[in-house]
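Chemist: My structure is stored as data-v1.cif, with mmCIF, C-alpha atoms.
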data_protein
#
loop_
_atom_site.label_atom_id
_atom_site.label_comp_id
_atom_site.auth_asym_id
_atom_site.auth_seq_id
_atom_site.Cartn_x
_atom_site.Cartn_y
_atom_site.Cartn_z
CA MET A 278 61.79 93.12 121.31
CA ASP A 279 59.43 95.40 123.31
CA LYS A 280 56.45 94.02 121.37
CA LEU A 281 57.73 90.45 121.77
CA SER A 282 58.00 90.88 125.56
CA GLY A 283 54.45 92.23 125.55
CA ILE A 284 53.23 89.21 123.60
CA THR A 285 54.97 86.83 126.00
CA ALA A 286 53.49 88.65 129.01
CA PHE A 287 50.02 88.64 127.45
CA VAL A 288 50.09 84.91 126.60
CA LYS A 289 51.26 83.84 130.06
CA THR A 290 48.76 86.09 131.82
CA ALA A 291 45.88 84.87 129.64
CA GLU A 292 46.84 81.23 130.20
CA LEU A 293 47.40 81.51 133.97
CA GLY A 294 44.66 84.01 134.77
CA SER A 295 46.71 86.52 136.75
CA PHE A 296 49.65 88.88 136.49
CA VAL A 297 51.16 87.39 139.64
CA ALA A 298 51.16 83.84 138.27
CA ALA A 299 52.63 85.05 134.99
CA SER A 300 55.34 86.97 136.83
CA ARG A 301 56.48 83.79 138.62
CA VAL A 302 56.86 81.94 135.31
CA LEU A 303 58.58 84.86 133.56
CA GLU A 304 60.69 85.66 136.65
CA ILE A 305 59.87 89.37 136.60
CA SER A 306 57.61 91.46 138.82
CA ALA A 307 53.83 91.42 138.46
CA SER A 308 53.99 95.15 137.85
CA ALA A 309 56.37 94.64 134.91
CA VAL A 310 54.04 92.03 133.43
CA GLY A 311 51.05 94.36 133.73
CA LYS A 312 52.92 97.28 132.15
CA ALA A 313 54.10 95.10 129.23
CA VAL A 314 50.50 94.07 128.51
CA VAL A 315 49.26 97.67 128.75
CA ARG A 316 51.94 98.83 126.28
CA LEU A 317 50.90 96.07 123.88
CA GLU A 318 47.23 97.05 124.16
CA ARG A 319 48.10 100.67 123.41
CA GLN A 320 50.14 99.66 120.36
CA LEU A 321 47.27 97.56 119.04
CA GLY A 322 44.53 99.98 120.04
CA VAL A 323 42.38 97.24 121.59
CA ARG A 324 41.81 95.79 125.06
CA LEU A 325 43.14 92.25 125.25
CA LEU A 326 42.48 91.38 128.90
CA GLN A 327 39.46 91.96 131.12
CA ARG A 328 40.68 92.72 134.64
CA SER A 329 38.73 91.99 137.81
CA THR A 330 39.63 91.67 141.48
CA ARG A 331 39.50 87.87 141.23
CA ARG A 332 40.74 87.00 137.76
CA VAL A 333 42.22 88.29 134.54
CA GLN A 334 40.76 86.78 131.38
CA PRO A 335 40.96 87.49 127.63
CA THR A 336 38.36 89.63 125.89
CA ASP A 337 36.82 88.34 122.66
CA GLU A 338 39.52 90.18 120.71
CA GLY A 339 42.10 88.84 123.14
CA LEU A 340 41.03 85.24 122.49
CA LEU A 341 41.54 85.69 118.75
CA PHE A 342 44.92 87.32 119.30
CA LEU A 343 45.95 84.66 121.82
CA GLU A 344 45.90 81.82 119.29
CA ARG A 345 48.10 83.71 116.83
CA CYS A 346 50.49 84.74 119.60
CA ARG A 347 50.86 81.13 120.73
CA GLN A 348 51.79 80.19 117.17
CA ILE A 349 54.38 82.97 117.04
CA LEU A 350 56.00 81.84 120.28
CA ASP A 351 55.87 78.18 119.19
CA ASP A 352 57.58 79.06 115.90
CA LEU A 353 60.26 80.98 117.77
CA GLU A 354 60.85 78.03 120.10
CA ASP A 355 60.96 75.73 117.09
CA ALA A 356 63.59 77.88 115.38
CA GLN A 357 65.74 77.88 118.51
CA ALA A 358 65.40 74.11 118.90
CA MET A 359 66.30 73.59 115.23
CA LEU A 360 69.52 75.56 115.63
CA MET A 361 70.43 73.64 118.77
CA GLN A 362 69.81 70.31 117.05
CA THR A 363 72.14 71.03 114.14
CA THR A 364 75.03 70.22 116.46
CA GLU A 365 73.29 67.45 118.44
CA ARG A 366 74.24 63.86 117.62
CA PRO A 367 71.40 61.41 116.84
CA ARG A 368 70.96 59.07 119.79
CA GLY A 369 68.42 57.05 121.71
CA ARG A 370 65.71 54.52 120.94
CA LEU A 371 63.94 54.93 117.59
CA ARG A 372 60.60 53.12 117.38
CA VAL A 373 59.58 52.14 113.84
CA SER A 374 56.39 50.41 112.69
CA ALA A 375 56.43 48.67 109.30
CA PRO A 376 54.33 46.09 107.45
CA ILE A 377 55.66 42.54 107.63
CA VAL A 378 56.42 42.36 103.93
CA SER A 379 58.58 45.50 104.04
CA TYR A 380 61.49 43.65 105.64
CA HIS A 381 62.44 42.53 102.12
CA PHE A 382 63.59 46.03 101.21
CA LEU A 383 64.08 47.51 104.69
CA LEU A 384 66.47 45.07 106.38
CA PRO A 385 69.26 45.47 103.75
CA LEU A 386 69.43 49.17 104.68
CA ILE A 387 69.79 48.67 108.44
CA PRO A 388 73.49 47.64 108.75
CA ASP A 389 74.68 50.78 106.97
CA PHE A 390 72.41 53.00 109.08
CA CYS A 391 73.64 51.39 112.32
CA ALA A 392 77.26 51.86 111.24
CA ARG A 393 76.62 55.55 110.53
CA HIS A 394 74.64 56.19 113.73
CA PRO A 395 75.83 53.76 116.42
CA GLU A 396 74.09 55.69 119.22
CA VAL A 397 70.62 55.13 117.72
CA GLN A 398 68.91 51.94 118.90
CA LEU A 399 66.39 50.77 116.29
CA ASP A 400 63.23 49.10 117.60
CA ILE A 401 61.28 47.88 114.53
CA ASP A 402 57.83 46.31 114.86
CA PHE A 403 57.02 44.39 111.67
CA ASN A 404 53.25 44.24 111.89
CA ASP A 405 50.42 44.74 109.38
CA ARG A 406 48.28 46.44 112.02
CA ILE A 407 47.84 50.18 111.40
CA VAL A 408 49.13 51.81 114.56
CA ASP A 409 48.30 55.21 116.03
CA LEU A 410 51.73 56.86 116.01
CA ILE A 411 50.85 59.57 118.49
CA ASP A 412 48.95 57.43 121.02
CA GLU A 413 51.46 54.55 120.87
CA GLY A 414 54.61 56.65 120.87
CA ILE A 415 55.86 55.47 117.45
CA ASP A 416 58.53 57.71 115.92
CA ILE A 417 58.17 56.60 112.28
CA ALA A 418 55.87 54.25 110.39
CA ILE A 419 56.25 52.85 106.90
CA ARG A 420 52.92 52.45 105.16
CA SER A 421 51.38 52.40 101.69
CA GLY A 422 48.26 54.23 100.64
CA SER A 423 46.92 57.66 101.55
CA LEU A 424 47.92 59.58 104.66
CA PRO A 425 45.49 58.42 107.37
CA ASP A 426 45.73 61.37 109.75
CA SER A 427 46.09 65.12 109.32
CA ARG A 428 48.45 65.14 112.32
CA LEU A 429 51.00 63.20 110.25
CA VAL A 430 53.42 64.13 107.50
CA SER A 431 55.03 61.81 104.95
CA ARG A 432 57.89 61.34 102.54
CA PRO A 433 57.64 58.96 99.54
CA LEU A 434 59.87 55.88 99.56
CA GLN A 435 59.73 52.55 97.74
CA ALA A 436 57.42 52.35 94.73
CA PHE A 437 55.97 48.95 93.82
CA ARG A 438 53.63 47.25 91.38
CA LEU A 439 50.98 44.70 92.26
CA LEU A 440 51.20 41.51 90.21
CA LEU A 441 48.88 38.56 89.80
CA CYS A 442 50.95 35.37 89.98
CA ALA A 443 50.44 31.64 90.02
CA SER A 444 52.66 28.58 90.09
CA PRO A 445 53.29 26.64 86.84
CA VAL A 446 51.76 23.57 88.50
CA TYR A 447 48.50 25.42 89.21
CA LEU A 448 48.34 26.85 85.67
CA ALA A 449 49.02 23.42 84.18
CA ARG A 450 45.97 22.07 86.04
CA HIS A 451 43.59 24.99 85.52
CA GLY A 452 44.85 26.84 82.46
CA THR A 453 46.20 30.39 82.11
CA PRO A 454 43.64 33.22 82.24
CA ARG A 455 43.84 35.68 79.34
CA THR A 456 41.21 38.19 80.50
CA VAL A 457 39.65 39.33 83.76
CA ARG A 458 36.53 37.32 82.94
CA ASP A 459 38.67 34.17 82.70
CA LEU A 460 39.47 34.57 86.41
CA ALA A 461 35.95 33.34 87.21
CA ARG A 462 37.19 29.81 86.51
CA HIS A 463 40.09 30.13 88.97
CA ALA A 464 40.74 30.11 92.70
CA GLY A 465 42.22 33.12 94.45
CA VAL A 466 44.60 33.42 97.38
CA ARG A 467 43.35 36.69 98.88
CA PHE A 468 44.89 39.14 101.34
CA ARG A 469 42.65 40.70 104.02
CA PHE A 470 43.71 44.02 105.57
CA PRO A 471 44.03 43.48 109.35
CA ASN A 472 42.51 46.81 110.39
CA SER A 473 39.61 47.24 107.98
CA GLY A 474 38.87 43.56 107.36
CA LYS A 475 38.49 44.34 103.64
CA LEU A 476 39.90 42.13 100.93
CA GLN A 477 42.71 43.61 98.87
CA GLU A 478 41.54 44.77 95.46
CA TRP A 479 43.20 43.03 92.54
CA PRO A 480 44.69 45.10 89.68
CA LEU A 481 42.64 45.15 86.52
CA PRO A 482 44.01 45.86 83.04
CA PRO A 483 43.18 49.45 82.02
CA ALA A 484 41.20 48.21 79.02
CA GLU A 485 39.04 46.06 81.31
CA ALA A 486 38.74 48.42 84.29
CA ASP A 487 34.92 48.24 84.08
CA ALA A 488 34.87 44.46 84.08
CA GLU A 489 33.58 42.85 87.24
CA LEU A 490 36.18 40.75 89.04
CA ARG A 491 34.80 37.30 89.78
CA VAL A 492 37.17 34.79 91.32
CA GLY A 493 36.70 31.85 93.63
CA THR A 494 38.51 31.82 96.95
CA ALA A 495 40.92 29.11 98.00
CA LEU A 496 42.38 30.96 100.99
CA VAL A 497 42.03 34.31 102.77
CA CYS A 498 44.70 35.50 105.21
CA ASN A 499 46.06 38.72 106.69
CA ASN A 500 49.74 38.01 106.03
CA MET A 501 51.30 38.70 102.63
CA GLU A 502 54.07 36.15 103.27
CA ALA A 503 51.36 33.51 103.69
CA VAL A 504 49.80 34.61 100.39
CA LEU A 505 53.18 34.02 98.74
CA GLY A 506 53.62 30.63 100.39
CA ALA A 507 50.15 29.43 99.40
CA THR A 508 50.60 30.65 95.83
CA LEU A 509 53.95 28.88 95.52
CA ARG A 510 52.24 25.66 96.67
CA GLY A 511 49.67 25.85 93.89
CA LEU A 512 46.57 26.81 95.88
CA GLY A 513 45.56 29.50 93.42
CA ILE A 514 46.31 32.91 91.95
CA GLY A 515 47.76 35.47 94.38
CA CYS A 516 48.15 39.24 94.19
CA MET A 517 51.47 40.47 95.60
CA PRO A 518 53.92 43.38 95.30
CA ASP A 519 56.68 42.92 92.74
CA PHE A 520 59.56 43.09 95.24
CA LEU A 521 58.07 40.09 97.07
CA VAL A 522 57.78 37.87 93.99
CA ASP A 523 60.71 39.02 91.83
CA ARG A 524 62.94 36.14 92.90
CA ALA A 525 60.23 33.53 92.38
CA LEU A 526 59.41 34.97 88.95
CA ALA A 527 63.07 34.93 87.95
CA SER A 528 63.49 31.30 89.05
CA GLY A 529 60.28 30.17 87.35
CA GLU A 530 58.58 29.16 90.62
CA LEU A 531 55.85 31.70 89.79
CA VAL A 532 54.43 33.02 86.54
CA SER A 533 52.88 36.47 86.08
CA VAL A 534 49.21 36.24 85.13
CA LEU A 535 47.79 38.83 82.68
CA GLY A 536 51.36 40.17 82.43
CA GLU A 537 51.78 43.75 81.24
CA ARG A 538 48.03 44.25 81.07
CA GLN A 539 47.80 44.91 84.80
CA GLY A 540 47.44 48.47 86.02
CA ALA A 541 48.06 49.02 89.73
CA ASP A 542 51.03 50.85 91.19
CA GLY A 543 51.65 51.52 94.86
CA GLN A 544 53.94 53.62 96.99
CA PHE A 545 55.41 53.14 100.44
CA ASN A 546 55.83 56.27 102.53
CA ALA A 547 57.67 57.16 105.72
CA ILE A 548 55.20 58.92 108.02
CA TRP A 549 55.72 60.62 111.37
CA PRO A 550 53.83 62.98 113.69
CA SER A 551 53.82 66.57 112.47
CA SER A 552 55.50 67.95 115.56
CA ARG A 553 57.12 71.34 115.20
CA HIS A 554 60.55 69.87 114.47
CA LEU A 555 62.17 66.52 113.80
CA SER A 556 64.46 65.06 116.41
CA PRO A 557 67.95 64.22 115.09
CA LYS A 558 67.35 60.45 115.26
CA VAL A 559 64.13 60.72 113.25
CA ARG A 560 65.65 63.11 110.73
CA VAL A 561 68.68 60.92 109.93
CA PHE A 562 66.55 57.77 109.60
CA VAL A 563 64.10 59.44 107.23
CA ASP A 564 67.01 60.87 105.22
CA HIS A 565 68.64 57.42 105.08
CA LEU A 566 65.44 55.79 103.79
CA SER A 567 64.95 58.54 101.21
CA GLU A 568 68.55 58.24 100.04
CA ARG A 569 68.38 54.48 99.58
CA LEU A 570 64.76 54.02 98.52
CA GLY A 571 64.31 57.35 96.72
CA GLY A 572 60.60 57.92 96.17
#
Can you present the structure in this file as structure tokens?

Modeler:
Amino acid sequence: MDKLSGITAFVKTAELGSFVAASRVLEISASAVGKAVVRLERQLGVRLLQRSTRRVQPTDEGLLFLERCRQILDDLEDAQAMLMQTTERPRGRLRVSAPIVSYHFLLPLIPDFCARHPEVQLDIDFNDRIVDLIDEGIDIAIRSGSLPDSRLVSRPLQAFRLLLCASPVYLARHGTPRTVRDLARHAGVRFRFPNSGKLQEWPLPPAEADAELRVGTALVCNNMEAVLGATLRGLGIGCMPDFLVDRALASGELVSVLGERQGADGQFNAIWPSSRHLSPKVRVFVDHLSERLGG
């Protein structure tokens, strides 16, 4: 504990620039702060602080040591907070960002979560825009694809498969494509990613992965529900996740094009800022999603 008190005294003095300022924060005398730092320097065999009549500042060795000491104190604070939160009940507003199409698998899970955690108020923004969780104060986002930011961590959730589908009416008029090259004679209902402006890539059969995709365009939109609606109305061939089209495929309103020859799988993930510890409301929501959607 003597070394820990020395580290605490050193960090506060280096950050505030004086023993007096550090003493006020630590609620001990300036003399006690100075002695704690001196003892630490003797133990390490190196000078950590450069003293002057106007200011105390870290030496080059002190600057290197300062960053590691901050991490040590942060980890200690994190451990204490974690223990305190084991008995804290989840409560408060929980802001969630999710793509519009995800309500198909997300909404059925909400009633059970609300029954388990009545003091958590869910605020879900169904939007295909990629939000900045940290800048916009979002607790959790549900997204597919790679992790966009090193400041975030993730947990795998719902897996899905992209399918090319068309209505029987459209296929009766234009024929059923058997290969990727056959798509050149067809119209596509394409999805455009709102943030990047890029068109969604269509899945190609593994055997034809090198084939160039050529398809005409009947409609481009940035809403997957609109892609489904246009495809159901016979505008062309659409590319959609399986959970969105399962019901229409089962009822015969849509037909899978190229069938089992497609080769594109996807994964939804729960992502959140990599703060030092999860708040209870975030932890229980992530656990609930993992339990029900099991990635």

Chemist: If we count all atoms listed in the file and set the cut-off at 12 Å, which residues sit around Ser379 (chain A), ignoring sequence neighbours fewer than 3 positions away in its own chain? Please answer as a PDB file with C-alpha atoms, in the coordinates of the input.

Modeler:
ATOM      1  CA  VAL A 373      59.580  52.140 113.840  1.00  0.00           C
ATOM      2  CA  SER A 374      56.390  50.410 112.690  1.00  0.00           C
ATOM      3  CA  ALA A 375      56.430  48.670 109.300  1.00  0.00           C
ATOM      4  CA  PRO A 376      54.330  46.090 107.450  1.00  0.00           C
ATOM      5  CA  PHE A 382      63.590  46.030 101.210  1.00  0.00           C
ATOM      6  CA  LEU A 383      64.080  47.510 104.690  1.00  0.00           C
ATOM      7  CA  LEU A 384      66.470  45.070 106.380  1.00  0.00           C
ATOM      8  CA  PRO A 385      69.260  45.470 103.750  1.00  0.00           C
ATOM      9  CA  LEU A 386      69.430  49.170 104.680  1.00  0.00           C
ATOM     10  CA  ILE A 401      61.280  47.880 114.530  1.00  0.00           C
ATOM     11  CA  ASP A 402      57.830  46.310 114.860  1.00  0.00           C
ATOM     12  CA  PHE A 403      57.020  44.390 111.670  1.00  0.00           C
ATOM     13  CA  ASN A 404      53.250  44.240 111.890  1.00  0.00           C
ATOM     14  CA  ASP A 405      50.420  44.740 109.380  1.00  0.00           C
ATOM     15  CA  ALA A 418      55.870  54.250 110.390  1.00  0.00           C
ATOM     16  CA  ILE A 419      56.250  52.850 106.900  1.00  0.00           C
ATOM     17  CA  ARG A 420      52.920  52.450 105.160  1.00  0.00           C
ATOM     18  CA  SER A 421      51.380  52.400 101.690  1.00  0.00           C
ATOM     19  CA  LEU A 434      59.870  55.880  99.560  1.00  0.00           C
ATOM     20  CA  GLN A 435      59.730  52.550  97.740  1.00  0.00           C
ATOM     21  CA  ALA A 436      57.420  52.350  94.730  1.00  0.00           C
ATOM     22  CA  PHE A 437      55.970  48.950  93.820  1.00  0.00           C
ATOM     23  CA  ASN A 500      49.740  38.010 106.030  1.00  0.00           C
ATOM     24  CA  MET A 501      51.300  38.700 102.630  1.00  0.00           C
ATOM     25  CA  GLU A 502      54.070  36.150 103.270  1.00  0.00           C
ATOM     26  CA  PRO A 518      53.920  43.380  95.300  1.00  0.00           C
ATOM     27  CA  ASP A 519      56.680  42.920  92.740  1.00  0.00           C
ATOM     28  CA  PHE A 520      59.560  43.090  95.240  1.00  0.00           C
ATOM     29  CA  LEU A 521      58.070  40.090  97.070  1.00  0.00           C
ATOM     30  CA  GLN A 544      53.940  53.620  96.990  1.00  0.00           C
ATOM     31  CA  PHE A 545      55.410  53.140 100.440  1.00  0.00           C
ATOM     32  CA  ASN A 546      55.830  56.270 102.530  1.00  0.00           C
ATOM     33  CA  ALA A 547      57.670  57.160 105.720  1.00  0.00           C
ATOM     34  CA  LEU A 570      64.760  54.020  98.520  1.00  0.00           C
TER      35      LEU A 570
END

Chemist: Ranking A:Leu509, A:Ile407, A:Leu439, A:Val314 by minimum distance to Phe470 (chain A) and counting all atoms listed in the file, which one comes first?

Modeler: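 Using all atoms listed in the file, the shortest distance to Phe470 (chain A) belongs to A:Ile407.
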
Chemist: Pick out the residues sitting within 9 Å of Ile415 (chain A), and hand them over as a short mmCIF file (atom, residue, chain, number, x, y, z; two decimals) with C-alpha atoms, keeping the file's coordinate frame; count only C-alpha atoms, and ignore anything fewer than 3 positions along from it in its own chain.

Modeler:
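In the end it all went to out29.cif:
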data_model
loop_
_atom_site.label_atom_id
_atom_site.label_comp_id
_atom_site.auth_asym_id
_atom_site.auth_seq_id
_atom_site.Cartn_x
_atom_site.Cartn_y
_atom_site.Cartn_z
CA LEU A 371 63.94 54.93 117.59
CA ARG A 372 60.60 53.12 117.38
CA VAL A 373 59.58 52.14 113.84
CA SER A 374 56.39 50.41 112.69
CA VAL A 408 49.13 51.81 114.56
CA ASP A 409 48.30 55.21 116.03
CA LEU A 410 51.73 56.86 116.01
CA ILE A 411 50.85 59.57 118.49
CA ASP A 412 48.95 57.43 121.02
CA ALA A 418 55.87 54.25 110.39
CA TRP A 549 55.72 60.62 111.37
CA PRO A 550 53.83 62.98 113.69
#

Chemist: Considering only C-alpha atoms, can you say which of A:Arg560, A:Leu448, A:Gly536, A:Arg458 comes closest to Ile417 (chain A)?

Modeler: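 Of A:Arg560, A:Leu448, A:Gly536, A:Arg458, the one nearest Ile417 (chain A), counting only C-alpha atoms, is A:Arg560.
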
Chemist: I need the output of the PyMOL selection byres ((chain A and resi 522) around 12) for this file as a compact mmCIF listing (two decimals) with C-alpha atoms, keeping the file's coordinate frame; which residues are they?

Modeler:
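Output file expr-v6.txt follows:
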# COMPACT_ATOMS: atom_id res chain seq x y z
CA VAL A 378 56.42 42.36 103.93
CA HIS A 381 62.44 42.53 102.12
CA PHE A 437 55.97 48.95 93.82
CA ARG A 438 53.63 47.25 91.38
CA LEU A 439 50.98 44.70 92.26
CA LEU A 440 51.20 41.51 90.21
CA LEU A 441 48.88 38.56 89.80
CA CYS A 442 50.95 35.37 89.98
CA ALA A 443 50.44 31.64 90.02
CA SER A 444 52.66 28.58 90.09
CA MET A 501 51.30 38.70 102.63
CA GLU A 502 54.07 36.15 103.27
CA VAL A 504 49.80 34.61 100.39
CA LEU A 505 53.18 34.02 98.74
CA GLY A 506 53.62 30.63 100.39
CA THR A 508 50.60 30.65 95.83
CA LEU A 509 53.95 28.88 95.52
CA GLY A 515 47.76 35.47 94.38
CA CYS A 516 48.15 39.24 94.19
CA MET A 517 51.47 40.47 95.60
CA PRO A 518 53.92 43.38 95.30
CA ASP A 519 56.68 42.92 92.74
CA PHE A 520 59.56 43.09 95.24
CA LEU A 521 58.07 40.09 97.07
CA ASP A 523 60.71 39.02 91.83
CA ARG A 524 62.94 36.14 92.90
CA ALA A 525 60.23 33.53 92.38
CA LEU A 526 59.41 34.97 88.95
CA ALA A 527 63.07 34.93 87.95
CA SER A 528 63.49 31.30 89.05
CA GLY A 529 60.28 30.17 87.35
CA GLU A 530 58.58 29.16 90.62
CA LEU A 531 55.85 31.70 89.79
CA VAL A 532 54.43 33.02 86.54
CA SER A 533 52.88 36.47 86.08

Chemist: Need the shell around region 465-467 of chain A: protein/DNA/RNA residues with any atom at most 7 Å away, counting all atoms listed in the file. Skip same-chain ones fewer than 2 positions apart. Format as a VMD selection string?

Modeler: chain A and resid 463 469 476 to 477 492 to 498 504 508 513 to 515

Chemist: I'd like the interatomic distance between CA of Ala307 (chain A) and CA of Ser295 (chain A), to a tenth of an Å.

Modeler: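 Between CA of Ala307 (chain A) and CA of Ser295 (chain A) the gap is 8.8 Å.
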
Chemist: Pick out the closest residue to His451 (chain A) from this set: A:Glu338, A:Leu343, A:Val315, A:Leu512. Count only C-alpha atoms.

Modeler: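 Looking only at the distances to His451 (chain A), the closest residue turns out to be A:Leu512.
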
Chemist: Find the residues with any atom within 10 Å of (55.1, 93.4, 137.9); use only C-alpha atoms and the coordinates as given in the file, and write the answer as a list in words.

Modeler: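 Residues found, by chain and rising number: Phe296, Val297, Ala299, Ser300, Arg301, Glu304, Ile305, Ser306, Ala307, Ser308, Ala309, Val310, Gly311, Lys312 and Ala313 of chain A.
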
Chemist: With only C-alpha atoms as the basis for distance, which of A:Val534, A:Leu325, A:Arg347, A:Glu396 is at the shortest distance from Glu365 (chain A)?

Modeler: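 When distances to Glu365 (chain A) are compared using only C-alpha atoms, the smallest one comes from A:Glu396.
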